[in-house]
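Everything on this sheet refers to the single structure shown next.
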Amino acid sequence: MDKVVSSAAAAVADIPDGARLAVGGFGLCGIPSVLIDAVLEAGTTDLEAVSNNCGVDEWGLGRLLFAKRLRRMISSYVGENKEFARQYLSGELEVELTPQGTLAERMRAGGSGIPGFYTATGVGTQVAEGGLPWKYDTEGNVIVSSPPKETKVFSVRDGEGGSTVEKEYVLEEAIVADFGLVRAWKGDRHGNLVYRQSARNFNPLAAMCGRVTIAEVEELVEPGVLDPNDVHTPGVYVQRVVQLTPEQAADKKIEKVTTRPRPAGPDSSADTSREALVDDAATHGLGG
């Protein structure tokens, strides 16, 4: 039952080239940065990553991208990464853009053993009809496009007087990854995980849909310490736990730091340095 491994390097050592990784995080908040770096150091390549976004140019999944270790990306938003855009438009990277809620449900379905589901999101667009450019060649021509998806009409209640209307829905397939990489605020030796505030984001979903899920935890506690009512990811979804050092746990980034002068008053002497603001944001889950 003790799922703790000695290091991040040991935890990712059996991830093979060509594997599909489900990676938690939203922007740079809650990303498993230590595990990502371990994959980078291992030299693993030709990877497919499933994540809300691809980090930034110098942090998170962006580090794997910059080293050209990613072959394919399934994500919702990629606007903060210039290298991502360059590789995609130059034909070096295949990208399957997916509506954010659909991506979340595809991952949850994969972890729940549900092969697919119908959703109204994307009906009447290229999401359903196909033709979204997944990959370009070096000349800018589309060489891989999204396929058309099955649609079906259902009778659904419209909320007024119990009457029903006919609505069209599109079939989306679940996502199951070879490995899930997540970061938790607290975890125990059995793999039960607790995320802090906004750092929860896609982490529970990435944990669910990975066949083998590896969790880096900022604080490791003994079994029985966590209140079962506080557990966000039950240990049944987690196969390996990596305890972070205090330095690793504190190493968090913020995508865009914006500040304004503190108004004059009783609190005007408070520390408004960038370091203090980053520490405060991290404490509240905003930086991971």
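Chain labels follow the order of the structure tokens: the first chain is A, the next B, and so on; residue numbering restarts at 1 in every chain, and ligands are counted from 1 in their shown order.
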Next item on the list: Would you please extract all helix (DSSP H, G or I) residues from range 79-149 of chain A, as assigned by DSSP on the backbone, and give them as an MDAnalysis selection string?
Entry: chainID A and resid 82:89 100:112 126:129
Store the residues picked out above in a file with C-alpha atoms, as a CSV table (one decimal), in the first residue's frame.
```csv
chain,number,residue,atom,x,y,z
A,82,LYS,CA,5.4,31.4,-28.8
A,83,GLU,CA,7.4,28.2,-29.4
A,84,PHE,CA,4.2,26.2,-29.5
A,85,ALA,CA,2.8,28.4,-32.2
A,86,ARG,CA,6.1,28.2,-34.2
A,87,GLN,CA,6.3,24.4,-34.0
A,88,TYR,CA,2.6,24.0,-34.9
A,89,LEU,CA,2.7,26.4,-37.9
A,100,GLN,CA,-12.2,23.2,-22.5
A,101,GLY,CA,-15.3,21.7,-20.9
A,102,THR,CA,-15.2,18.9,-23.5
A,103,LEU,CA,-11.6,18.2,-22.7
A,104,ALA,CA,-12.3,18.0,-19.0
A,105,GLU,CA,-15.2,15.6,-19.6
A,106,ARG,CA,-13.2,13.5,-22.0
A,107,MET,CA,-10.6,13.0,-19.3
A,108,ARG,CA,-13.2,12.4,-16.6
A,109,ALA,CA,-15.0,9.8,-18.8
A,110,GLY,CA,-11.7,8.0,-19.5
A,111,GLY,CA,-11.1,7.7,-15.8
A,112,SER,CA,-14.7,6.5,-15.2
A,126,GLN,CA,-15.7,22.2,-37.5
A,127,VAL,CA,-15.5,20.6,-34.1
A,128,ALA,CA,-18.3,18.3,-35.2
A,129,GLU,CA,-18.0,18.6,-39.0
```
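Omitting range 183-193 of chain A and its sequence neighbours fewer than 2 positions away, and counting only C-alpha atoms, the residues within 7 Å are Met1, Asp2, Lys3, Val4, Gly30, Ile31, Pro32, Tyr195, Arg196, Asn203, Ala215, Glu216, Val217, Glu218, Glu219, Leu220, Val221, Glu222, Pro223, Val231, His232, Thr233, Pro234, Gly235, Val238, Gln239 and Val241 of chain A.
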Take the selection from the previous step and output its residues with C-alpha atoms, as a PDB file, in the first residue's frame.
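Everything below was put into again_19.pdb:
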```pdb
ATOM      1  CA  MET A   1       0.000   0.000   0.000  1.00  0.00           C
ATOM      2  CA  ASP A   2       2.966   2.337   0.456  1.00  0.00           C
ATOM      3  CA  LYS A   3       3.194   4.081  -2.933  1.00  0.00           C
ATOM      4  CA  VAL A   4       6.010   6.501  -2.118  1.00  0.00           C
ATOM      5  CA  GLY A  30      -0.824  23.369 -10.091  1.00  0.00           C
ATOM      6  CA  ILE A  31       1.519  21.945 -12.723  1.00  0.00           C
ATOM      7  CA  PRO A  32       3.666  18.920 -11.803  1.00  0.00           C
ATOM      8  CA  TYR A 195      -5.293  20.024  -3.867  1.00  0.00           C
ATOM      9  CA  ARG A 196      -5.246  23.624  -2.678  1.00  0.00           C
ATOM     10  CA  ASN A 203      -5.309  17.657 -11.623  1.00  0.00           C
ATOM     11  CA  ALA A 215       1.669  12.471  -7.947  1.00  0.00           C
ATOM     12  CA  GLU A 216       4.203  14.937  -6.638  1.00  0.00           C
ATOM     13  CA  VAL A 217       3.074  16.195  -3.224  1.00  0.00           C
ATOM     14  CA  GLU A 218       4.186  19.284  -1.359  1.00  0.00           C
ATOM     15  CA  GLU A 219       3.490  17.660   2.000  1.00  0.00           C
ATOM     16  CA  LEU A 220       3.509  13.928   2.667  1.00  0.00           C
ATOM     17  CA  VAL A 221       1.441  12.712   5.618  1.00  0.00           C
ATOM     18  CA  GLU A 222       0.800   9.318   7.128  1.00  0.00           C
ATOM     19  CA  PRO A 223      -2.343   7.324   6.282  1.00  0.00           C
ATOM     20  CA  VAL A 231      -9.719  14.034  -0.221  1.00  0.00           C
ATOM     21  CA  HIS A 232     -10.101  15.170  -3.834  1.00  0.00           C
ATOM     22  CA  THR A 233      -8.395  12.207  -5.526  1.00  0.00           C
ATOM     23  CA  PRO A 234      -8.762   8.807  -3.817  1.00  0.00           C
ATOM     24  CA  GLY A 235      -5.657   6.662  -3.707  1.00  0.00           C
ATOM     25  CA  VAL A 238      -2.716   6.905  -7.855  1.00  0.00           C
ATOM     26  CA  GLN A 239       0.113   4.395  -8.258  1.00  0.00           C
ATOM     27  CA  VAL A 241       3.809   9.344  -4.861  1.00  0.00           C
TER      28      VAL A 241
END
```
Note to self: Just checking: using only C-alpha atoms, which residue out of A:Ser76, A:Thr119, A:Ser7, A:Ser146 ends up closest to Asp37 in chain A?
What the structure shows: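 Checking each of A:Ser76, A:Thr119, A:Ser7, A:Ser146 against Asp37 in chain A, counting only C-alpha atoms, the winner is A:Ser7.
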Note to self: Considering only C-alpha atoms, can you say which of A:Val95, A:Ile254, A:Val242, A:Ala199 comes closest to Ile214 in chain A?
What the structure shows: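 Of the candidates, the smallest distance to Ile214 in chain A is held by A:Val242.
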Note to self: as a PyMOL selection string, please: the residues near Leu93 in chain A (cut-off 10 Å, only C-alpha atoms, same-chain neighbours under 5 positions excluded).
What the structure shows: chain A and resi 48+65+68-73+84-88+134-137
Output file for the selection above: C-alpha atoms, as a CSV table (one decimal), in the first residue's frame:
```
chain,number,residue,atom,x,y,z
A,48,GLU,CA,1.7,13.0,-26.7
A,65,LEU,CA,8.2,21.4,-26.1
A,68,LYS,CA,11.2,18.9,-29.1
A,69,ARG,CA,10.1,16.0,-27.0
A,70,LEU,CA,6.4,16.4,-27.8
A,71,ARG,CA,5.0,14.9,-31.0
A,72,ARG,CA,1.4,15.7,-30.4
A,73,MET,CA,-0.7,17.9,-28.0
A,84,PHE,CA,4.2,26.2,-29.5
A,85,ALA,CA,2.8,28.4,-32.2
A,86,ARG,CA,6.1,28.2,-34.2
A,87,GLN,CA,6.3,24.4,-34.0
A,88,TYR,CA,2.6,24.0,-34.9
A,134,TRP,CA,-4.2,19.3,-36.7
A,135,LYS,CA,-0.9,19.3,-38.5
A,136,TYR,CA,0.8,21.4,-41.3
A,137,ASP,CA,3.7,20.6,-43.5
```
Item checked: For Phe202 in chain A: contacts at 7 Å, only C-alpha atoms, fewer than 6 positions along chain excluded, given as a PyMOL selection string -> chain A and resi 24-26
Checklist line | Shell of 10 Å around Gly130 in chain A, only C-alpha atoms, local chain residues under 4 positions omitted, as a ChimeraX atom specification | finding: /A:125-126,145-149
Check: Pick the closest to Asn201 in chain A from A:Arg260, A:Gly27, A:Ser6, A:Ala19: which is it, counting only C-alpha atoms?
Finding: A:Gly27
Notebook entry, point to check: What is the CA of Val123 in chain A to CA of Asp158 in chain A distance in Å?
Noted result: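 One can read the CA of Val123 in chain A to CA of Asp158 in chain A distance as 17.6 Å.
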Next item on the list: May I have the residues within 7 Å of Tyr237 in chain A as a list in words, using only C-alpha atoms and disregarding those fewer than 4 positions away in the same chain?
Entry: Ala207, Met208 and Thr213 of chain A
Next item on the list: Would you list, as a PyMOL selection string, the residues of range 102-260 of chain A that end up in strand (DSSP E) under DSSP run on this structure's backbone?
Entry: chain A and resi 116-119+133-136+142-145+151-157+164-173+177-188+193-194+210-221+240-243
Show me, as a compact mmCIF listing (two decimals) with N, CA and C atoms, in the first residue's frame, the residues that have an atom within 9 Å of Leu40 in chain A when counting only C-alpha atoms, minus same-chain residues fewer than 5 positions from it.
```txt
# COMPACT_ATOMS: atom_id res chain seq x y z
N LEU A 35 8.02 16.58 -11.87
CA LEU A 35 7.88 15.39 -12.70
C LEU A 35 8.16 15.70 -14.16
N THR A 45 11.08 10.90 -25.40
CA THR A 45 10.71 11.74 -26.54
C THR A 45 9.50 11.17 -27.27
N ARG A 63 8.94 23.31 -21.38
CA ARG A 63 10.33 22.83 -21.36
C ARG A 63 10.46 21.57 -22.23
N LEU A 64 9.49 20.68 -22.17
CA LEU A 64 9.50 19.52 -23.05
C LEU A 64 9.31 19.94 -24.50
N ALA A 67 12.46 21.42 -26.01
CA ALA A 67 13.45 20.38 -26.30
C ALA A 67 12.98 19.44 -27.40
N ARG A 69 10.48 17.32 -27.45
CA ARG A 69 10.13 15.99 -26.96
C ARG A 69 8.66 15.66 -27.20
```
Checklist line | Proximity to Ala38 in chain A - best of A:Val12, A:Arg240, A:Glu168, A:Ala22, only C-alpha atoms | finding: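 Among the listed residues, A:Val12 lies closest to Ala38 in chain A.
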Margin query: Just to confirm, what's the straight-line distance from CA of Ser155 in chain A to CA of Leu97 in chain A in Å (one decimal)?
Written below: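 Separating CA of Ser155 in chain A from CA of Leu97 in chain A is a distance of 28.9 Å.
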Check: Nearest to Glu173 in chain A: which of A:Pro228, A:Gly161, A:Gly113, A:Pro16 is it, counting only C-alpha atoms?
Finding: A:Gly113
